[in-house]
Amino acid sequence: MEKIISTISSYVWSDFFIYFCLIVGLYFSIRTGFLQVRYLKDMLRLLFKKKQSEEGISSFQAFALAISGRVGTGNIVGVATAIYMGGPGAVFWMWIIAFLGSSSAFIESALAQVYKQREGSNFRGGPAYYIEKGLGVKWYALLFAIITIISTGFLLPGVQSNAINGTITNAFNYSNEVIELGGMELTVSWVGIVVVAMLSIIIIGGVKRLGQASEYIVPFMAGAYILMAIIIIGLNFSQIPAIFSLIFSSAFSVDATFGGVIGMAIAWGVKRGIYSNEAGQGTGPHAAAAALVKHPAQQGLVQAFSVYVDTLFVCTATALMILFTNQYNVVETFDASGKAVTLLANNIPNVGADGYTQAAVSSIFPAIGNQFVAIALFFFAFTTIMAYYYYAETNIAYIFKGKKIKSLIWVLRIVFLFSVYFGTIKTAELAWNLGDIGVGLMAWVNLIAILLLSKTGMKVWKDYETQRKQGIEDPIFEPKKLGIKNADFWEENNK
């Protein structure tokens, strides 16, 4: 079974798809005039703008909810795996997909705002909504919704909970228990039970409680982790030029040690970059749609900045800790065709790629390193699981639109919590392969959709840009003037 799942994952993440992700990001970057650079000041201003209504959630809460989905296991274990498989050059390609992907994140999040729907005092939206309303292709919208429910409701949560269990095992000498019950052996994870119990309290409270929890947890967890990275970087300040030189040289196979892995550096850098920052994947737009703003582009800019926070800040912090402390070495191996390639292997016995970051911090702070990373990853992964639940619930609501929705959401909650627990007792390889399939399928469907809707996305951007150039600090969105149809919320709101 694991071999079959691994094969499916390799087909989903083909070389064509890797380059397709880069090309889409480059396309939107050029079309928007590289807004990710020119409008950085606006991103920061909008991020902390206070909400003036009881409807929806604030821009910062939507940012925090999206960051809770973006910042997770991929920022610690995912970065380590990228370095393990693709060398230090993979870090460069993670930066590239984040820089280019921020424009994709802008487009998908702005589209989510354009086509969002009001549900009581909340808003719902996302790719399924803008595919149906913008493209008018119902079956394609349903396809995305179904893939998202399966991915975020069952495949992806296990990756996060598996990592929580793994790092706690490394840090506190904990291991799952095996008990006999009626002649059968059952694996019991107390970590899984605690995580499920905590999640139950939060997800039953709905999107506002998810937003509130994210608003407090995310700044704390990301800030503490980046602070630790800054301390380690400061202690190794003299190595900064050499480390960046290593990253750039190995990214283009200039460094002889990594001369055979440029393809793997690109593949794993892009793969783990997208897994981590979710740009173009279609998950971020769900959180973006929940915010109350005056113009869709405002939330698009906020979500574009969240990609920076995830990859350029948090992922880079992890990568630099690993590379500064030299918690890896290189070995030569052979691929399926017999060609010699260079891979990385940890130089500390009995610790795999998933333990790189703990080994890195422990090499500087041996008394607290393992425990610090375990606690950081717990918060990273826990908030990501929270976000996954919201994405799955949004797509359940899209498909059934009020028909026995409460009972279906309870079914989702039970299945979701089971998948979280199951992740703590299954192997890491199986968990990651299932997660990669989920991420890849969502990204395939969503990237095609936003390309087809690029005309609408660009109308939204040009309208915002024009009003800002006129000196209007808070542009107003009027879809009819732009020839945008089916923007029901905005048409009703403008009346």
# chains A, B, ... in the order shown; residues from 1 in each chain; ligands from 1
$ residues_around --residues "Ile204 (chain A)" --least-positions-apart "5" --cutoff "12 Å" --atoms "only C-alpha atoms" --output "VMD selection string"
chain A and resid 197 to 199 209 to 210 386 389 to 390 393 406 409 to 410 412 to 414 417
$ write_last_selection --atoms "N, CA and C atoms" --output "compact mmCIF listing (two decimals), in the first residue's frame"
# COMPACT_ATOMS: atom_id res chain seq x y z
N ALA A 197 -8.46 16.16 21.88
CA ALA A 197 -9.28 16.81 22.90
C ALA A 197 -9.22 18.34 22.78
N MET A 198 -8.02 18.88 22.55
CA MET A 198 -7.86 20.33 22.42
C MET A 198 -8.54 20.84 21.15
N LEU A 199 -8.40 20.10 20.07
CA LEU A 199 -9.03 20.49 18.81
C LEU A 199 -10.54 20.51 18.92
N ARG A 209 -14.16 31.45 16.46
CA ARG A 209 -13.26 30.94 17.49
C ARG A 209 -11.93 30.52 16.87
N LEU A 210 -11.97 29.96 15.66
CA LEU A 210 -10.73 29.60 14.96
C LEU A 210 -9.90 30.86 14.71
N MET A 386 -6.07 23.17 12.73
CA MET A 386 -7.26 24.02 12.90
C MET A 386 -7.70 24.59 11.55
N TYR A 389 -9.33 22.08 9.20
CA TYR A 389 -10.74 21.81 9.51
C TYR A 389 -11.63 22.87 8.88
N TYR A 390 -11.23 24.13 9.00
CA TYR A 390 -12.05 25.22 8.44
C TYR A 390 -12.20 25.07 6.93
N GLU A 393 -14.69 22.25 6.24
CA GLU A 393 -16.06 22.65 6.57
C GLU A 393 -16.62 23.61 5.53
N LYS A 406 -25.78 20.78 9.40
CA LYS A 406 -25.29 20.59 10.76
C LYS A 406 -24.88 19.14 11.02
N ILE A 409 -21.68 18.36 9.14
CA ILE A 409 -20.50 18.95 9.78
C ILE A 409 -20.07 18.11 10.98
N TRP A 410 -21.02 17.55 11.68
CA TRP A 410 -20.66 16.67 12.80
C TRP A 410 -19.98 15.39 12.30
N LEU A 412 -18.17 15.30 9.59
CA LEU A 412 -16.84 15.78 9.24
C LEU A 412 -15.96 15.87 10.48
N ARG A 413 -16.49 16.42 11.56
CA ARG A 413 -15.71 16.57 12.79
C ARG A 413 -15.20 15.23 13.31
N ILE A 414 -16.06 14.22 13.27
CA ILE A 414 -15.67 12.89 13.77
C ILE A 414 -14.58 12.28 12.88
N LEU A 417 -11.25 14.31 13.33
CA LEU A 417 -10.55 14.02 14.58
C LEU A 417 -9.93 12.62 14.55
$ residues_around --residues "Leu377 (chain A)" --least-positions-apart "2" --cutoff "10 Å" --atoms "only C-alpha atoms" --output "number ranges by chain"
A: 71-77, 160-161, 163-165, 167-168, 221, 225, 371-375, 379-383
$ residues_around --residues "Trp490 (chain A)" --least-positions-apart "3" --cutoff "8 Å" --atoms "only C-alpha atoms" --output "mmCIF file with N, CA and C atoms, in the first residue's frame"
data_model
loop_
_atom_site.group_PDB
_atom_site.id
_atom_site.type_symbol
_atom_site.label_atom_id
_atom_site.label_comp_id
_atom_site.auth_asym_id
_atom_site.auth_seq_id
_atom_site.Cartn_x
_atom_site.Cartn_y
_atom_site.Cartn_z
ATOM 1 N N VAL A 114 -14.040 38.472 -4.128
ATOM 2 C CA VAL A 114 -15.008 38.907 -5.137
ATOM 3 C C VAL A 114 -16.268 38.048 -5.092
ATOM 4 N N PHE A 477 -14.871 48.880 -3.986
ATOM 5 C CA PHE A 477 -15.032 47.922 -5.078
ATOM 6 C C PHE A 477 -16.464 47.940 -5.609
ATOM 7 N N GLU A 478 -16.609 48.219 -6.886
ATOM 8 C CA GLU A 478 -17.914 48.215 -7.550
ATOM 9 C C GLU A 478 -17.830 47.293 -8.768
ATOM 10 N N PRO A 479 -18.218 46.028 -8.600
ATOM 11 C CA PRO A 479 -18.035 45.026 -9.663
ATOM 12 C C PRO A 479 -18.747 45.335 -10.972
ATOM 13 N N ALA A 487 -20.911 38.792 -8.526
ATOM 14 C CA ALA A 487 -20.294 39.208 -7.265
ATOM 15 C C ALA A 487 -21.421 39.630 -6.321
ATOM 16 N N ASN A 493 -24.140 44.708 -1.093
ATOM 17 C CA ASN A 493 -23.512 45.609 -0.132
ATOM 18 C C ASN A 493 -23.500 47.052 -0.649
ATOM 19 N N ASN A 494 -23.246 47.217 -1.950
ATOM 20 C CA ASN A 494 -23.176 48.561 -2.539
ATOM 21 C C ASN A 494 -24.533 49.241 -2.592
#
$ closest_residue --among "A:Leu482, A:Ile405, A:Ile240, A:Ala62" --to "Ser109 (chain A)" --atoms "only C-alpha atoms"
A:Ala62
$ atom_distance --atom1 "CA of Ala367 (chain A)" --atom2 "CA of Ile231 (chain A)"
15.6 Å
$ select_by_dssp --residues "region 65-160 of chain A" --states "strand (DSSP E)" --output "ChimeraX atom specification"
/A:117-119,122-124
$ residues_around --residues "Lys138 (chain A)" --least-positions-apart "5" --cutoff "12 Å" --atoms "only C-alpha atoms" --output "list in words"
Pro127, Ala128, Tyr129, Tyr130, Ile131, Glu132, Lys133, Leu143, Phe144, Ala145, Tyr398 and Ile399 of chain A
$ write_last_selection --atoms "N, CA and C atoms" --output "tab-separated table (two decimals), in the first residue's frame"
chain	number	residue	atom	x	y	z
A	127	PRO	N	-11.95	28.63	-3.70
A	127	PRO	CA	-11.91	28.21	-5.10
A	127	PRO	C	-13.22	27.64	-5.64
A	128	ALA	N	-13.91	26.81	-4.87
A	128	ALA	CA	-15.16	26.23	-5.37
A	128	ALA	C	-16.16	27.33	-5.70
A	129	TYR	N	-16.20	28.37	-4.89
A	129	TYR	CA	-17.13	29.48	-5.10
A	129	TYR	C	-16.75	30.29	-6.34
A	130	TYR	N	-15.44	30.61	-6.47
A	130	TYR	CA	-15.09	31.44	-7.63
A	130	TYR	C	-15.02	30.64	-8.92
A	131	ILE	N	-14.86	29.33	-8.83
A	131	ILE	CA	-14.93	28.51	-10.04
A	131	ILE	C	-16.37	28.49	-10.56
A	132	GLU	N	-17.34	28.28	-9.65
A	132	GLU	CA	-18.74	28.22	-10.08
A	132	GLU	C	-19.22	29.60	-10.57
A	133	LYS	N	-18.96	30.64	-9.76
A	133	LYS	CA	-19.50	31.96	-10.10
A	133	LYS	C	-18.71	32.67	-11.20
A	143	LEU	N	-15.53	19.35	-8.17
A	143	LEU	CA	-14.30	18.56	-8.15
A	143	LEU	C	-13.32	19.12	-7.13
A	144	PHE	N	-13.13	20.46	-7.17
A	144	PHE	CA	-12.22	21.06	-6.19
A	144	PHE	C	-12.73	20.85	-4.78
A	145	ALA	N	-14.03	21.06	-4.56
A	145	ALA	CA	-14.60	20.93	-3.21
A	145	ALA	C	-14.40	19.52	-2.67
A	398	TYR	N	-20.30	24.46	0.93
A	398	TYR	CA	-20.49	24.81	-0.49
A	398	TYR	C	-21.32	23.75	-1.21
A	399	ILE	N	-20.98	22.49	-1.00
A	399	ILE	CA	-21.65	21.41	-1.73
A	399	ILE	C	-23.11	21.27	-1.32
$ select_by_dssp --residues "region 376-486 of chain A" --states "alpha helix (DSSP H)" --output "PyMOL selection string"
chain A and resi 376-400+405-423+428-452+454-469+479-482
$ residues_around --residues "region 321-326 of chain A" --least-positions-apart "6" --cutoff "8 Å" --atoms "only C-alpha atoms" --output "MDAnalysis selection string"
chainID A and resid 80 88 229 232:233 236 239 243 356:357 360:361 363:364
$ residues_around --residues "region 437-443 of chain A" --least-positions-apart "6" --cutoff "9 Å" --atoms "only C-alpha atoms" --output "list in words"
Ile5, Ser6, Ile8, Ser9, Ser10, Val12, Trp13, Phe17, Cys21, Phe144, Ile147, Thr148, Ile150, Ser151, Thr152, Leu155, Leu156, Lys271, Ile274, Tyr275, Glu278, Ala279, Gly280, Gln281, Gly282 and Thr283 of chain A
$ atom_distance --atom1 "CA of Val270 (chain A)" --atom2 "CA of Ile18 (chain A)"
6.5 Å
$ atom_distance --atom1 "CA of Ile476 (chain A)" --atom2 "CA of Glu492 (chain A)"
13.8 Å
$ decode --residues "region 399-490 of chain A" --atoms "C-alpha atoms" --output "PDB file, in the first residue's frame"
ATOM      1  CA  ILE A 399     -21.648  21.415  -1.731  1.00  0.00           C
ATOM      2  CA  PHE A 400     -24.721  20.993   0.458  1.00  0.00           C
ATOM      3  CA  LYS A 401     -25.751  24.631   1.001  1.00  0.00           C
ATOM      4  CA  GLY A 402     -27.837  24.188   4.139  1.00  0.00           C
ATOM      5  CA  LYS A 403     -29.236  20.725   3.391  1.00  0.00           C
ATOM      6  CA  LYS A 404     -28.739  18.860   6.670  1.00  0.00           C
ATOM      7  CA  ILE A 405     -25.522  20.848   6.971  1.00  0.00           C
ATOM      8  CA  LYS A 406     -25.290  20.586  10.765  1.00  0.00           C
ATOM      9  CA  SER A 407     -25.382  16.794  10.788  1.00  0.00           C
ATOM     10  CA  LEU A 408     -22.861  16.617   7.933  1.00  0.00           C
ATOM     11  CA  ILE A 409     -20.504  18.950   9.777  1.00  0.00           C
ATOM     12  CA  TRP A 410     -20.664  16.672  12.798  1.00  0.00           C
ATOM     13  CA  VAL A 411     -19.762  13.723  10.565  1.00  0.00           C
ATOM     14  CA  LEU A 412     -16.836  15.781   9.245  1.00  0.00           C
ATOM     15  CA  ARG A 413     -15.706  16.566  12.791  1.00  0.00           C
ATOM     16  CA  ILE A 414     -15.670  12.892  13.766  1.00  0.00           C
ATOM     17  CA  VAL A 415     -13.799  11.789  10.621  1.00  0.00           C
ATOM     18  CA  PHE A 416     -11.396  14.732  10.942  1.00  0.00           C
ATOM     19  CA  LEU A 417     -10.546  14.020  14.577  1.00  0.00           C
ATOM     20  CA  PHE A 418     -10.062  10.339  13.759  1.00  0.00           C
ATOM     21  CA  SER A 419      -7.610  11.203  10.955  1.00  0.00           C
ATOM     22  CA  VAL A 420      -5.698  13.475  13.348  1.00  0.00           C
ATOM     23  CA  TYR A 421      -5.388  10.644  15.858  1.00  0.00           C
ATOM     24  CA  PHE A 422      -4.539   8.095  13.152  1.00  0.00           C
ATOM     25  CA  GLY A 423      -1.657  10.302  12.047  1.00  0.00           C
ATOM     26  CA  THR A 424       0.039   9.877  15.415  1.00  0.00           C
ATOM     27  CA  ILE A 425       0.232   6.083  15.018  1.00  0.00           C
ATOM     28  CA  LYS A 426       1.118   5.689  11.306  1.00  0.00           C
ATOM     29  CA  THR A 427       4.560   5.913   9.664  1.00  0.00           C
ATOM     30  CA  ALA A 428       5.990   9.292   8.680  1.00  0.00           C
ATOM     31  CA  GLU A 429       6.589   8.235   5.060  1.00  0.00           C
ATOM     32  CA  LEU A 430       2.961   7.218   4.582  1.00  0.00           C
ATOM     33  CA  ALA A 431       1.755  10.438   6.219  1.00  0.00           C
ATOM     34  CA  TRP A 432       3.886  12.659   3.967  1.00  0.00           C
ATOM     35  CA  ASN A 433       2.990  10.800   0.761  1.00  0.00           C
ATOM     36  CA  LEU A 434      -0.721  11.109   1.538  1.00  0.00           C
ATOM     37  CA  GLY A 435      -0.238  14.795   2.311  1.00  0.00           C
ATOM     38  CA  ASP A 436       1.681  15.398  -0.919  1.00  0.00           C
ATOM     39  CA  ILE A 437      -1.114  13.812  -2.951  1.00  0.00           C
ATOM     40  CA  GLY A 438      -3.673  16.061  -1.272  1.00  0.00           C
ATOM     41  CA  VAL A 439      -1.649  19.251  -1.777  1.00  0.00           C
ATOM     42  CA  GLY A 440      -0.769  18.386  -5.375  1.00  0.00           C
ATOM     43  CA  LEU A 441      -4.327  17.610  -6.490  1.00  0.00           C
ATOM     44  CA  MET A 442      -5.694  20.811  -4.954  1.00  0.00           C
ATOM     45  CA  ALA A 443      -2.951  22.886  -6.561  1.00  0.00           C
ATOM     46  CA  TRP A 444      -3.520  21.305  -9.991  1.00  0.00           C
ATOM     47  CA  VAL A 445      -7.212  22.189 -10.002  1.00  0.00           C
ATOM     48  CA  ASN A 446      -6.801  25.650  -8.461  1.00  0.00           C
ATOM     49  CA  LEU A 447      -3.899  26.869 -10.600  1.00  0.00           C
ATOM     50  CA  ILE A 448      -5.808  26.044 -13.779  1.00  0.00           C
ATOM     51  CA  ALA A 449      -8.861  27.869 -12.377  1.00  0.00           C
ATOM     52  CA  ILE A 450      -7.027  31.089 -11.477  1.00  0.00           C
ATOM     53  CA  LEU A 451      -5.331  31.138 -14.880  1.00  0.00           C
ATOM     54  CA  LEU A 452      -8.755  30.930 -16.544  1.00  0.00           C
ATOM     55  CA  LEU A 453      -9.972  33.709 -14.217  1.00  0.00           C
ATOM     56  CA  SER A 454      -6.886  35.868 -14.692  1.00  0.00           C
ATOM     57  CA  LYS A 455      -8.879  38.493 -16.612  1.00  0.00           C
ATOM     58  CA  THR A 456     -11.149  39.045 -13.593  1.00  0.00           C
ATOM     59  CA  GLY A 457      -8.212  38.976 -11.193  1.00  0.00           C
ATOM     60  CA  MET A 458      -6.427  41.640 -13.213  1.00  0.00           C
ATOM     61  CA  LYS A 459      -9.552  43.849 -13.339  1.00  0.00           C
ATOM     62  CA  VAL A 460      -9.630  43.761  -9.541  1.00  0.00           C
ATOM     63  CA  TRP A 461      -5.931  44.606  -9.304  1.00  0.00           C
ATOM     64  CA  LYS A 462      -6.001  47.418 -11.868  1.00  0.00           C
ATOM     65  CA  ASP A 463      -9.036  48.958 -10.164  1.00  0.00           C
ATOM     66  CA  TYR A 464      -7.299  48.955  -6.798  1.00  0.00           C
ATOM     67  CA  GLU A 465      -4.025  50.228  -8.251  1.00  0.00           C
ATOM     68  CA  THR A 466      -5.788  53.067 -10.111  1.00  0.00           C
ATOM     69  CA  GLN A 467      -7.637  54.245  -6.995  1.00  0.00           C
ATOM     70  CA  ARG A 468      -4.478  54.102  -4.876  1.00  0.00           C
ATOM     71  CA  LYS A 469      -2.613  56.202  -7.458  1.00  0.00           C
ATOM     72  CA  GLN A 470      -5.450  58.723  -7.175  1.00  0.00           C
ATOM     73  CA  GLY A 471      -4.641  59.043  -3.481  1.00  0.00           C
ATOM     74  CA  ILE A 472      -7.601  56.996  -2.193  1.00  0.00           C
ATOM     75  CA  GLU A 473      -6.380  55.149   0.907  1.00  0.00           C
ATOM     76  CA  ASP A 474      -9.335  52.718   1.067  1.00  0.00           C
ATOM     77  CA  PRO A 475     -10.539  52.011  -2.485  1.00  0.00           C
ATOM     78  CA  ILE A 476     -14.170  50.953  -2.960  1.00  0.00           C
ATOM     79  CA  PHE A 477     -15.032  47.922  -5.078  1.00  0.00           C
ATOM     80  CA  GLU A 478     -17.914  48.215  -7.550  1.00  0.00           C
ATOM     81  CA  PRO A 479     -18.035  45.026  -9.663  1.00  0.00           C
ATOM     82  CA  LYS A 480     -20.681  46.233 -12.134  1.00  0.00           C
ATOM     83  CA  LYS A 481     -18.484  49.142 -13.220  1.00  0.00           C
ATOM     84  CA  LEU A 482     -15.724  46.628 -13.973  1.00  0.00           C
ATOM     85  CA  GLY A 483     -18.029  44.259 -15.845  1.00  0.00           C
ATOM     86  CA  ILE A 484     -17.700  41.546 -13.200  1.00  0.00           C
ATOM     87  CA  LYS A 485     -20.830  39.430 -12.819  1.00  0.00           C
ATOM     88  CA  ASN A 486     -22.094  37.209  -9.974  1.00  0.00           C
ATOM     89  CA  ALA A 487     -20.294  39.208  -7.265  1.00  0.00           C
ATOM     90  CA  ASP A 488     -23.495  38.906  -5.215  1.00  0.00           C
ATOM     91  CA  PHE A 489     -22.204  40.102  -1.852  1.00  0.00           C
ATOM     92  CA  TRP A 490     -20.626  43.257  -3.283  1.00  0.00           C
TER      93      TRP A 490
END
